[in-house]
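Participant: Provided herewith: start.pdb, PDB, C-alpha atoms.
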```pdb
ATOM      1  CA  SER I   1       0.000   0.000   0.000
ATOM      2  CA  GLN I   2       3.026   2.266   0.316
ATOM      3  CA  GLN I   3       3.581   1.565  -3.348
ATOM      4  CA  PHE I   4       0.038   2.604  -4.060
ATOM      5  CA  SER I   5       0.298   5.880  -2.193
ATOM      6  CA  ALA I   6       3.548   6.700  -3.978
ATOM      7  CA  LEU I   7       1.943   5.975  -7.319
ATOM      8  CA  THR I   8      -1.136   8.007  -6.385
ATOM      9  CA  GLU I   9       1.115  10.915  -5.512
ATOM     10  CA  VAL I  10       2.784  10.775  -8.916
ATOM     11  CA  LEU I  11      -0.602  10.621 -10.609
ATOM     12  CA  PHE I  12      -2.052  13.609  -8.787
ATOM     13  CA  ARG I  13       1.049  15.670  -9.340
ATOM     14  CA  PHE I  14       0.565  15.115 -13.037
ATOM     15  CA  LEU I  15      -3.165  15.822 -12.906
ATOM     16  CA  THR I  16      -2.634  19.142 -11.163
ATOM     17  CA  GLU I  17       0.159  20.120 -13.552
ATOM     18  CA  PRO I  18      -0.814  18.523 -16.850
ATOM     19  CA  LYS I  19       1.890  20.374 -18.753
ATOM     20  CA  GLU I  20       4.665  18.534 -16.899
ATOM     21  CA  VAL I  21       4.511  15.476 -19.160
ATOM     22  CA  GLU I  22       8.297  14.852 -19.162
ATOM     23  CA  ARG I  23       8.437  14.923 -15.396
ATOM     24  CA  PHE I  24       5.476  12.573 -15.128
ATOM     25  CA  LEU I  25       7.059  10.012 -17.447
ATOM     26  CA  THR I  26      10.388  10.227 -15.583
ATOM     27  CA  GLN I  27       8.657   9.700 -12.231
ATOM     28  CA  LEU I  28       6.753   6.742 -13.657
ATOM     29  CA  SER I  29       9.878   5.044 -14.914
ATOM     30  CA  ASP I  30      11.631   5.726 -11.568
ATOM     31  CA  PHE I  31       8.676   4.091  -9.814
ATOM     32  CA  ALA I  32       8.866   1.087 -12.145
ATOM     33  CA  THR I  33      12.592   0.622 -11.518
ATOM     34  CA  MET I  34      12.278   1.017  -7.736
ATOM     35  CA  ASN I  35       9.468  -1.527  -7.504
ATOM     36  CA  LYS I  36      10.871  -3.880 -10.104
ATOM     37  CA  ILE I  37       7.840  -3.605 -12.408
ATOM     38  CA  SER I  38       8.263  -3.282 -16.116
ATOM     39  CA  LEU I  39       7.333   0.114 -17.520
ATOM     40  CA  GLY I  40       5.028  -1.090 -20.321
ATOM     41  CA  PRO I  41       2.364  -2.770 -18.163
ATOM     42  CA  LEU I  42       2.683   0.054 -15.627
ATOM     43  CA  LYS I  43       1.865   2.624 -18.302
ATOM     44  CA  ASN I  44      -1.225   0.665 -19.297
ATOM     45  CA  ILE I  45      -2.400   0.451 -15.705
ATOM     46  CA  VAL I  46      -1.812   4.166 -15.221
ATOM     47  CA  LYS I  47      -3.762   4.945 -18.382
ATOM     48  CA  SER I  48      -6.755   3.032 -17.040
ATOM     49  CA  ILE I  49      -6.455   4.601 -13.612
ATOM     50  CA  LEU I  50      -6.349   8.114 -15.085
ATOM     51  CA  LEU I  51      -9.667   7.534 -16.830
ATOM     52  CA  VAL I  52     -11.404   7.605 -13.462
ATOM     53  CA  PRO I  53     -10.343  11.058 -12.245
ATOM     54  CA  ASN I  54     -10.770  12.543 -15.727
ATOM     55  CA  GLY I  55     -14.289  11.186 -16.005
ATOM     56  CA  ALA I  56     -15.030  12.213 -12.431
ATOM     57  CA  LEU I  57     -13.912  15.776 -13.111
ATOM     58  CA  LYS I  58     -16.070  16.049 -16.202
ATOM     59  CA  ARG I  59     -19.106  14.820 -14.326
ATOM     60  CA  ASN I  60     -18.415  16.651 -11.045
ATOM     61  CA  LEU I  61     -18.368  13.412  -9.042
ATOM     62  CA  SER I  62     -18.089  13.540  -5.278
ATOM     63  CA  PRO I  63     -15.241  11.734  -3.483
ATOM     64  CA  GLU I  64     -17.701   9.013  -2.393
ATOM     65  CA  GLN I  65     -18.681   8.404  -5.988
ATOM     66  CA  VAL I  66     -15.016   8.207  -7.034
ATOM     67  CA  ARG I  67     -14.390   5.686  -4.249
ATOM     68  CA  ALA I  68     -17.405   3.621  -5.328
ATOM     69  CA  ASP I  69     -16.194   3.655  -8.937
ATOM     70  CA  PHE I  70     -12.780   2.339  -7.954
ATOM     71  CA  ILE I  71     -14.269  -0.415  -5.788
ATOM     72  CA  ALA I  72     -16.531  -1.406  -8.686
ATOM     73  CA  LEU I  73     -13.395  -1.629 -10.834
ATOM     74  CA  GLY I  74     -11.865  -4.103  -8.371
ATOM     75  CA  LEU I  75      -9.610  -1.928  -6.217
ATOM     76  CA  SER I  76      -9.420  -2.757  -2.496
ATOM     77  CA  GLU I  77     -11.500  -0.615  -0.134
ATOM     78  CA  GLU I  78      -8.430   0.752   1.577
ATOM     79  CA  LYS I  79      -6.814   1.863  -1.665
ATOM     80  CA  ALA I  80     -10.071   3.260  -3.064
ATOM     81  CA  SER I  81     -10.610   5.318   0.110
ATOM     82  CA  TYR I  82      -7.069   6.629  -0.044
ATOM     83  CA  PHE I  83      -7.506   7.696  -3.653
ATOM     84  CA  ALA I  84     -10.857   9.305  -2.912
ATOM     85  CA  GLU I  85      -9.226  11.304  -0.087
ATOM     86  CA  GLN I  86      -6.542  12.570  -2.430
ATOM     87  CA  TRP I  87      -9.254  13.398  -4.917
ATOM     88  CA  LYS I  88     -11.107  15.491  -2.348
ATOM     89  CA  VAL I  89      -7.959  17.409  -1.478
ATOM     90  CA  ASN I  90      -7.030  18.087  -5.073
ATOM     91  CA  SER I  91     -10.428  18.690  -6.609
ATOM     92  CA  PRO I  92     -10.495  22.522  -6.205
ATOM     93  CA  THR I  93      -7.239  22.736  -8.198
ATOM     94  CA  LEU I  94      -8.440  20.220 -10.753
ATOM     95  CA  THR I  95     -11.797  21.944 -11.184
ATOM     96  CA  ARG I  96     -10.107  25.292 -11.663
ATOM     97  CA  LEU I  97      -7.876  23.744 -14.337
ATOM     98  CA  ALA I  98     -10.874  22.276 -16.175
ATOM     99  CA  VAL I  99     -12.725  25.601 -16.087
ATOM    100  CA  GLY I 100      -9.567  27.301 -17.310
ATOM    101  CA  GLN I 101      -9.511  24.978 -20.283
ATOM    102  CA  THR I 102     -13.008  25.975 -21.252
ATOM    103  CA  LEU I 103     -13.380  27.830 -24.508
ATOM    104  CA  MET I 104     -12.790  31.577 -24.354
ATOM    105  CA  ILE I 105     -13.467  33.893 -27.254
ATOM    106  CA  ASN I 106     -10.714  36.421 -27.949
ATOM    107  CA  GLN I 107      -9.474  36.277 -24.396
ATOM    108  CA  LEU I 108      -7.935  39.475 -23.069
ATOM    109  CA  ILE I 109      -4.456  38.577 -21.873
ATOM    110  CA  ASP I 110      -2.827  41.911 -21.090
ATOM    111  CA  MET I 111      -3.344  45.647 -21.241
ATOM    112  CA  GLU I 112      -0.769  48.449 -21.502
ATOM    113  CA  TRP I 113      -1.353  52.167 -21.723
ATOM    114  CA  LYS I 114       0.226  55.519 -22.218
ATOM    115  CA  PHE I 115      -0.905  59.108 -22.289
ATOM    116  CA  GLY I 116      -0.304  61.458 -25.096
ATOM    117  CA  VAL I 117      -0.720  65.138 -25.557
ATOM    118  CA  THR I 118      -1.169  66.458 -29.054
ATOM    119  CA  ALA I 119       1.034  69.510 -29.299
ATOM    120  CA  GLY I 120       0.527  70.432 -32.905
ATOM    121  CA  SER I 121      -0.674  69.081 -36.175
ATOM    122  CA  SER I 122      -0.614  70.026 -39.802
ATOM    123  CA  GLU I 123      -4.086  71.498 -39.408
ATOM    124  CA  LEU I 124      -3.782  73.316 -36.125
ATOM    125  CA  GLU I 125      -0.740  75.156 -34.841
ATOM    126  CA  LYS I 126      -1.421  74.712 -31.126
ATOM    127  CA  VAL I 127      -3.579  71.930 -29.850
ATOM    128  CA  GLY I 128      -2.924  70.596 -26.347
ATOM    129  CA  SER I 129      -5.440  67.774 -25.854
ATOM    130  CA  ILE I 130      -4.759  64.725 -23.711
ATOM    131  CA  PHE I 131      -5.709  61.275 -24.901
ATOM    132  CA  LEU I 132      -5.195  57.749 -23.668
ATOM    133  CA  GLN I 133      -3.652  55.040 -25.824
ATOM    134  CA  LEU I 134      -4.452  51.466 -24.887
ATOM    135  CA  LYS I 135      -2.743  48.361 -26.158
ATOM    136  CA  LEU I 136      -4.812  45.209 -25.644
ATOM    137  CA  VAL I 137      -3.164  41.828 -26.052
ATOM    138  CA  ILE I 138      -5.766  39.340 -27.229
ATOM    139  CA  LYS I 139      -5.568  35.608 -27.708
ATOM    140  CA  LYS I 140      -7.169  34.702 -31.027
ATOM    141  CA  GLY I 141      -7.136  30.922 -31.266
ATOM    142  CA  SER I 142      -3.575  30.050 -30.445
ATOM    143  CA  GLN I 143      -2.017  33.363 -31.525
ATOM    144  CA  LEU I 144      -1.658  36.631 -29.692
ATOM    145  CA  GLU I 145      -2.779  39.815 -31.395
ATOM    146  CA  ASN I 146      -2.172  43.418 -30.335
ATOM    147  CA  VAL I 147      -5.020  45.873 -30.670
ATOM    148  CA  TYR I 148      -4.298  49.589 -30.351
ATOM    149  CA  VAL I 149      -7.066  51.973 -29.488
ATOM    150  CA  GLU I 150      -7.197  55.616 -28.531
ATOM    151  CA  LEU I 151      -9.663  57.100 -26.072
ATOM    152  CA  THR I 152     -10.474  60.675 -25.178
ATOM    153  CA  LEU I 153     -10.625  61.425 -21.476
ATOM    154  CA  PRO I 154     -14.441  61.461 -21.310
ATOM    155  CA  GLN I 155     -14.435  58.093 -23.066
ATOM    156  CA  PHE I 156     -11.955  56.775 -20.515
ATOM    157  CA  TYR I 157     -14.079  57.798 -17.545
ATOM    158  CA  SER I 158     -17.132  56.283 -19.180
ATOM    159  CA  PHE I 159     -15.203  53.053 -19.854
ATOM    160  CA  LEU I 160     -14.017  52.890 -16.236
ATOM    161  CA  HIS I 161     -17.563  53.401 -15.014
ATOM    162  CA  GLU I 162     -18.900  50.621 -17.254
ATOM    163  CA  MET I 163     -16.167  48.195 -16.178
ATOM    164  CA  GLU I 164     -17.062  48.837 -12.549
ATOM    165  CA  ARG I 165     -20.652  47.958 -13.385
ATOM    166  CA  VAL I 166     -19.418  44.715 -14.993
ATOM    167  CA  LYS I 167     -17.487  43.878 -11.840
ATOM    168  CA  THR I 168     -20.587  44.329  -9.694
ATOM    169  CA  SER I 169     -22.513  42.099 -12.073
ATOM    170  CA  LEU I 170     -19.862  39.355 -12.078
ATOM    171  CA  GLU I 171     -19.623  39.463  -8.309
ATOM    172  CA  SER I 172     -23.355  39.036  -7.881
ATOM    173  CA  PHE I 173     -23.144  35.768  -9.820
ATOM    174  CA  SER I 174     -20.154  34.255  -8.031
TER     175      SER I 174
ATOM    176  CA  GLN W   1      -8.836  79.930 -58.470
ATOM    177  CA  LEU W   2     -11.434  81.662 -56.330
ATOM    178  CA  VAL W   3     -12.317  78.489 -54.443
ATOM    179  CA  SER W   4      -8.658  77.707 -53.940
ATOM    180  CA  ALA W   5      -8.017  81.190 -52.546
ATOM    181  CA  LEU W   6     -10.972  80.930 -50.175
ATOM    182  CA  HIS W   7      -9.783  77.527 -49.071
ATOM    183  CA  ASN W   8      -6.330  78.881 -48.293
ATOM    184  CA  LEU W   9      -7.811  81.763 -46.367
ATOM    185  CA  THR W  10     -10.005  79.571 -44.188
ATOM    186  CA  ARG W  11      -7.222  77.076 -43.602
ATOM    187  CA  HIS W  12      -4.917  79.863 -42.508
ATOM    188  CA  VAL W  13      -7.463  81.251 -40.094
ATOM    189  CA  VAL W  14      -8.095  77.828 -38.565
ATOM    190  CA  TYR W  15      -4.411  76.979 -38.394
ATOM    191  CA  ARG W  16      -3.462  80.177 -36.659
ATOM    192  CA  GLY W  17      -6.470  80.008 -34.386
ATOM    193  CA  LEU W  18      -7.555  83.539 -35.213
ATOM    194  CA  THR W  19     -10.704  84.472 -33.397
ATOM    195  CA  ARG W  20     -11.036  88.229 -33.681
ATOM    196  CA  ALA W  21     -12.574  90.061 -36.602
ATOM    197  CA  GLU W  22      -9.663  92.529 -36.760
ATOM    198  CA  ASP W  23      -7.126  89.720 -37.228
ATOM    199  CA  ILE W  24      -9.101  88.271 -40.083
ATOM    200  CA  LEU W  25      -9.828  91.637 -41.696
ATOM    201  CA  CYS W  26      -6.160  92.516 -41.879
ATOM    202  CA  LEU W  27      -5.500  89.398 -43.939
ATOM    203  CA  PHE W  28      -7.345  90.902 -46.887
ATOM    204  CA  PRO W  29      -5.446  93.087 -49.355
ATOM    205  CA  GLU W  30      -5.865  96.848 -49.039
ATOM    206  CA  ASN W  31      -8.136  97.529 -51.963
ATOM    207  CA  PHE W  32     -10.461  94.595 -51.312
ATOM    208  CA  HIS W  33     -14.176  95.343 -51.549
ATOM    209  CA  GLN W  34     -15.250  96.534 -48.095
ATOM    210  CA  ASN W  35     -18.668  94.872 -47.830
ATOM    211  CA  LEU W  36     -17.429  91.594 -49.235
ATOM    212  CA  LYS W  37     -14.554  91.666 -46.778
ATOM    213  CA  ASN W  38     -16.914  92.131 -43.842
ATOM    214  CA  LEU W  39     -19.299  89.484 -45.089
ATOM    215  CA  LEU W  40     -16.545  86.919 -45.545
ATOM    216  CA  THR W  41     -15.124  87.701 -42.123
ATOM    217  CA  LYS W  42     -18.553  87.310 -40.552
ATOM    218  CA  ILE W  43     -19.088  83.916 -42.220
ATOM    219  CA  ILE W  44     -15.638  82.715 -41.269
ATOM    220  CA  LEU W  45     -16.128  83.724 -37.644
ATOM    221  CA  GLU W  46     -19.419  81.851 -37.514
ATOM    222  CA  ASN W  47     -17.862  78.660 -38.755
ATOM    223  CA  ILE W  48     -14.490  78.848 -37.090
ATOM    224  CA  SER W  49     -15.176  76.719 -34.036
ATOM    225  CA  ALA W  50     -16.872  73.998 -36.085
ATOM    226  CA  TRP W  51     -13.900  73.902 -38.447
ATOM    227  CA  ARG W  52     -11.460  73.828 -35.564
ATOM    228  CA  ASN W  53     -13.260  70.906 -33.940
ATOM    229  CA  GLU W  54     -13.317  69.023 -37.179
ATOM    230  CA  ALA W  55      -9.617  69.633 -37.721
ATOM    231  CA  GLN W  56      -8.922  68.455 -34.214
ATOM    232  CA  ALA W  57     -11.000  65.342 -34.692
ATOM    233  CA  SER W  58      -9.366  64.376 -37.923
ATOM    234  CA  LYS W  59      -5.727  64.652 -36.917
ATOM    235  CA  ILE W  60      -3.557  61.581 -37.407
ATOM    236  CA  SER W  61      -4.165  59.093 -34.693
ATOM    237  CA  LEU W  62      -4.331  55.502 -33.745
ATOM    238  CA  PRO W  63      -7.647  53.780 -34.277
ATOM    239  CA  ARG W  64     -10.232  55.432 -32.078
ATOM    240  CA  LEU W  65     -12.832  53.988 -29.769
ATOM    241  CA  VAL W  66     -16.254  54.857 -31.087
ATOM    242  CA  ASP W  67     -18.566  52.758 -28.951
ATOM    243  CA  MET W  68     -18.515  50.088 -26.313
ATOM    244  CA  ASP W  69     -21.045  47.466 -25.158
ATOM    245  CA  TRP W  70     -20.817  44.655 -22.653
ATOM    246  CA  ARG W  71     -22.684  41.592 -21.515
ATOM    247  CA  VAL W  72     -22.244  39.090 -18.690
ATOM    248  CA  ASP W  73     -22.802  35.409 -19.505
ATOM    249  CA  ILE W  74     -22.825  32.401 -17.200
ATOM    250  CA  LYS W  75     -20.952  29.412 -18.594
ATOM    251  CA  THR W  76     -22.886  26.309 -17.597
ATOM    252  CA  SER W  77     -21.185  23.483 -19.442
ATOM    253  CA  SER W  78     -18.230  22.671 -21.671
ATOM    254  CA  ASP W  79     -16.364  19.745 -23.150
ATOM    255  CA  SER W  80     -14.002  19.717 -20.204
ATOM    256  CA  ILE W  81     -16.574  19.986 -17.430
ATOM    257  CA  VAL W  82     -20.223  19.077 -17.680
ATOM    258  CA  ARG W  83     -21.696  21.263 -14.964
ATOM    259  CA  MET W  84     -20.479  24.627 -13.777
ATOM    260  CA  ALA W  85     -21.677  28.174 -13.208
ATOM    261  CA  VAL W  86     -18.881  30.500 -14.201
ATOM    262  CA  PRO W  87     -19.707  34.131 -14.948
ATOM    263  CA  THR W  88     -17.751  35.743 -17.747
ATOM    264  CA  CYS W  89     -17.816  39.153 -19.432
ATOM    265  CA  LEU W  90     -18.044  39.807 -23.158
ATOM    266  CA  LEU W  91     -16.922  43.273 -24.144
ATOM    267  CA  GLN W  92     -17.508  44.681 -27.611
ATOM    268  CA  LEU W  93     -15.423  47.618 -28.745
ATOM    269  CA  LYS W  94     -16.301  49.531 -31.909
ATOM    270  CA  ILE W  95     -13.083  50.888 -33.287
ATOM    271  CA  GLN W  96     -12.691  53.377 -36.114
ATOM    272  CA  GLU W  97      -9.539  53.277 -38.157
ATOM    273  CA  ASP W  98      -7.456  56.415 -38.670
ATOM    274  CA  ALA W  99      -9.862  58.904 -40.252
ATOM    275  CA  ALA W 100      -7.140  60.548 -42.309
ATOM    276  CA  LEU W 101      -6.381  57.299 -44.082
ATOM    277  CA  CYS W 102      -9.970  56.434 -44.889
ATOM    278  CA  GLY W 103     -11.169  59.710 -46.319
ATOM    279  CA  ASN W 104     -14.917  59.988 -46.192
ATOM    280  CA  ASN W 105     -15.685  56.376 -45.398
ATOM    281  CA  PRO W 106     -13.891  55.489 -42.190
ATOM    282  CA  VAL W 107     -13.864  51.794 -41.440
ATOM    283  CA  VAL W 108     -15.440  50.816 -38.155
ATOM    284  CA  SER W 109     -14.705  47.350 -36.893
ATOM    285  CA  ALA W 110     -16.219  45.569 -33.935
ATOM    286  CA  LEU W 111     -13.951  43.577 -31.664
ATOM    287  CA  THR W 112     -15.435  41.231 -29.087
ATOM    288  CA  VAL W 113     -13.178  40.350 -26.184
ATOM    289  CA  GLU W 114     -13.835  37.937 -23.343
ATOM    290  CA  LEU W 115     -12.718  38.695 -19.797
ATOM    291  CA  SER W 116     -12.752  36.353 -16.841
ATOM    292  CA  LYS W 117     -13.386  37.821 -13.413
ATOM    293  CA  GLU W 118      -9.666  37.734 -12.630
ATOM    294  CA  THR W 119      -8.810  39.555 -15.841
ATOM    295  CA  LEU W 120     -11.466  42.161 -15.139
ATOM    296  CA  ASP W 121     -10.101  42.761 -11.639
ATOM    297  CA  THR W 122      -6.599  43.229 -13.016
ATOM    298  CA  MET W 123      -7.927  45.560 -15.698
ATOM    299  CA  LEU W 124      -9.792  47.644 -13.129
ATOM    300  CA  GLU W 125      -6.587  47.948 -11.119
ATOM    301  CA  GLY W 126      -4.882  49.285 -14.232
ATOM    302  CA  LEU W 127      -7.734  51.675 -15.015
ATOM    303  CA  GLY W 128      -7.637  52.906 -11.405
ATOM    304  CA  ARG W 129      -3.966  53.700 -11.770
ATOM    305  CA  ILE W 130      -4.699  55.631 -14.960
ATOM    306  CA  ARG W 131      -7.334  57.629 -13.095
ATOM    307  CA  ASP W 132      -4.868  58.392 -10.303
ATOM    308  CA  GLN W 133      -2.271  59.530 -12.807
ATOM    309  CA  LEU W 134      -4.828  61.785 -14.456
ATOM    310  CA  SER W 135      -5.795  63.332 -11.111
ATOM    311  CA  ALA W 136      -2.137  63.921 -10.300
ATOM    312  CA  VAL W 137      -1.672  65.746 -13.598
ATOM    313  CA  ALA W 138      -4.864  67.761 -13.146
ATOM    314  CA  ASN W 139      -3.862  68.889  -9.670
ATOM    315  CA  LYS W 140      -0.474  70.219 -10.707
TER     316      LYS W 140
END
```
Would you encode the structure as structure tokens?
Facilitator:
Amino acid sequence: SQQFSALTEVLFRFLTEPKEVERFLTQLSDFATMNKISLGPLKNIVKSILLVPNGALKRNLSPEQVRADFIALGLSEEKASYFAEQWKVNSPTLTRLAVGQTLMINQLIDMEWKFGVTAGSSELEKVGSIFLQLKLVIKKGSQLENVYVELTLPQFYSFLHEMERVKTSLESFS
Amino acid sequence: QLVSALHNLTRHVVYRGLTRAEDILCLFPENFHQNLKNLLTKIILENISAWRNEAQASKISLPRLVDMDWRVDIKTSSDSIVRMAVPTCLLQLKIQEDAALCGNNPVVSALTVELSKETLDTMLEGLGRIRDQLSAVANK
């Protein structure tokens, strides 16, 4: 059962950081060597085990349901309970990851700004108006795109006011 | 030739920001018809602020914000998670390209951007800092 808890730890570390594929595979092969299991069968077992948490996450299963699933699949009660415990501890992180993977349209990634003052132009000798230049970094599909937009000061204050209204709205739904 | 001369005159007045009748009157040559001179000056003075505003509005610039709309949606389901209730904001910005480049038909494009609550909070922090900077400049 020490083996099982070590393996569970490796699995959850991967689930909470799905980008660390290299690390996961290294840890798996270390585990195989330490416990004198061959890597091939271990990988197959791990693949099957991972189906349970992935399915559970999709369907918002409770820890009890996860435990029941594992028992139904033939795992001992002790091991199933242990896994379900780990699941309970990690599920906020895992849920946040799944929500983060949800489709976003033209997601706003970053915003930069600067002020400008127009001093003169070819039409007017002296001008002196302040404006705000915003640079929005937007994720379109897998690429980032920069959008430049200029706002007058009244527009800026109006924009700020509207965004505060959005915040109130979002907060009322959380 | 007449139109061109008038155009030059009005452009000069707008450029220099002349606002007094005397300044405009002294632009005319000495033997210019008196009544015509007064009439032209009167018309120019009437239109000067409109022309100035237009000139100011059409100076070279980055694309300008023309309009803005927003909407809050609640995401209830996705391929990665079957049941959830995540509020999200969709912001639509109507942006007009540089007026000087487009002549009489400026292109207005609509850009829809999605913001999560975290992104919105960060953005509001940034906008707050802009407001503080503006107040600091105004109070100098």
Participant: Name the residues captured by the ChimeraX specification (/I :<7) & /W when it is applied to the shown file; answer as a PyMOL selection string.
Facilitator: chain W and resi 14-16+55+59+62-65+78+80-83+87+112-115+117+127
Participant: Could you tell me how far CA of Val72 in chain W sits from CA of Leu120 in chain W, in Å to one decimal place?
Facilitator: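 Calculated distance between CA of Leu120 in chain W and CA of Val72 in chain W is 11.8 Å.
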Participant: Evaluate the PyMOL selection byres ((chain I and resi 63) around 10) here and jot the selected residues down as a compact mmCIF listing (two decimals) with C-alpha atoms, keeping the file's coordinate frame.
Facilitator:
```txt
# COMPACT_ATOMS: atom_id res chain seq x y z
CA ALA I 56 -15.03 12.21 -12.43
CA ASN I 60 -18.42 16.65 -11.04
CA LEU I 61 -18.37 13.41 -9.04
CA SER I 62 -18.09 13.54 -5.28
CA GLU I 64 -17.70 9.01 -2.39
CA GLN I 65 -18.68 8.40 -5.99
CA VAL I 66 -15.02 8.21 -7.03
CA ARG I 67 -14.39 5.69 -4.25
CA ALA I 68 -17.40 3.62 -5.33
CA ASP I 69 -16.19 3.66 -8.94
CA ALA I 80 -10.07 3.26 -3.06
CA SER I 81 -10.61 5.32 0.11
CA PHE I 83 -7.51 7.70 -3.65
CA ALA I 84 -10.86 9.30 -2.91
CA GLU I 85 -9.23 11.30 -0.09
CA GLN I 86 -6.54 12.57 -2.43
CA TRP I 87 -9.25 13.40 -4.92
CA LYS I 88 -11.11 15.49 -2.35
CA VAL I 89 -7.96 17.41 -1.48
CA SER I 91 -10.43 18.69 -6.61
```
Participant: Can you spell out as a PDB file with C-alpha atoms, in the coordinates of the input the set of residues that the PyMOL selection byres ((chain I and resi 42) around 12) selects in the structure I just provided?
Facilitator:
```pdb
ATOM      1  CA  LEU I   7       1.943   5.975  -7.319  1.00  0.00           C
ATOM      2  CA  LEU I  25       7.059  10.012 -17.447  1.00  0.00           C
ATOM      3  CA  GLN I  27       8.657   9.700 -12.231  1.00  0.00           C
ATOM      4  CA  LEU I  28       6.753   6.742 -13.657  1.00  0.00           C
ATOM      5  CA  SER I  29       9.878   5.044 -14.914  1.00  0.00           C
ATOM      6  CA  ASP I  30      11.631   5.726 -11.568  1.00  0.00           C
ATOM      7  CA  PHE I  31       8.676   4.091  -9.814  1.00  0.00           C
ATOM      8  CA  ALA I  32       8.866   1.087 -12.145  1.00  0.00           C
ATOM      9  CA  THR I  33      12.592   0.622 -11.518  1.00  0.00           C
ATOM     10  CA  ASN I  35       9.468  -1.527  -7.504  1.00  0.00           C
ATOM     11  CA  LYS I  36      10.871  -3.880 -10.104  1.00  0.00           C
ATOM     12  CA  ILE I  37       7.840  -3.605 -12.408  1.00  0.00           C
ATOM     13  CA  SER I  38       8.263  -3.282 -16.116  1.00  0.00           C
ATOM     14  CA  LEU I  39       7.333   0.114 -17.520  1.00  0.00           C
ATOM     15  CA  GLY I  40       5.028  -1.090 -20.321  1.00  0.00           C
ATOM     16  CA  PRO I  41       2.364  -2.770 -18.163  1.00  0.00           C
ATOM     17  CA  LYS I  43       1.865   2.624 -18.302  1.00  0.00           C
ATOM     18  CA  ASN I  44      -1.225   0.665 -19.297  1.00  0.00           C
ATOM     19  CA  ILE I  45      -2.400   0.451 -15.705  1.00  0.00           C
ATOM     20  CA  VAL I  46      -1.812   4.166 -15.221  1.00  0.00           C
ATOM     21  CA  LYS I  47      -3.762   4.945 -18.382  1.00  0.00           C
ATOM     22  CA  SER I  48      -6.755   3.032 -17.040  1.00  0.00           C
ATOM     23  CA  ILE I  49      -6.455   4.601 -13.612  1.00  0.00           C
TER      24      ILE I  49
END
```
Participant: So, with all atoms listed in the file as the atoms that count, which of I:Val21, I:Val117, I:Val137, I:Leu50 lies closest to Thr8 in chain I?
Facilitator: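 Ranking I:Val21, I:Val117, I:Val137, I:Leu50 by distance to Thr8 in chain I, first place goes to I:Leu50.
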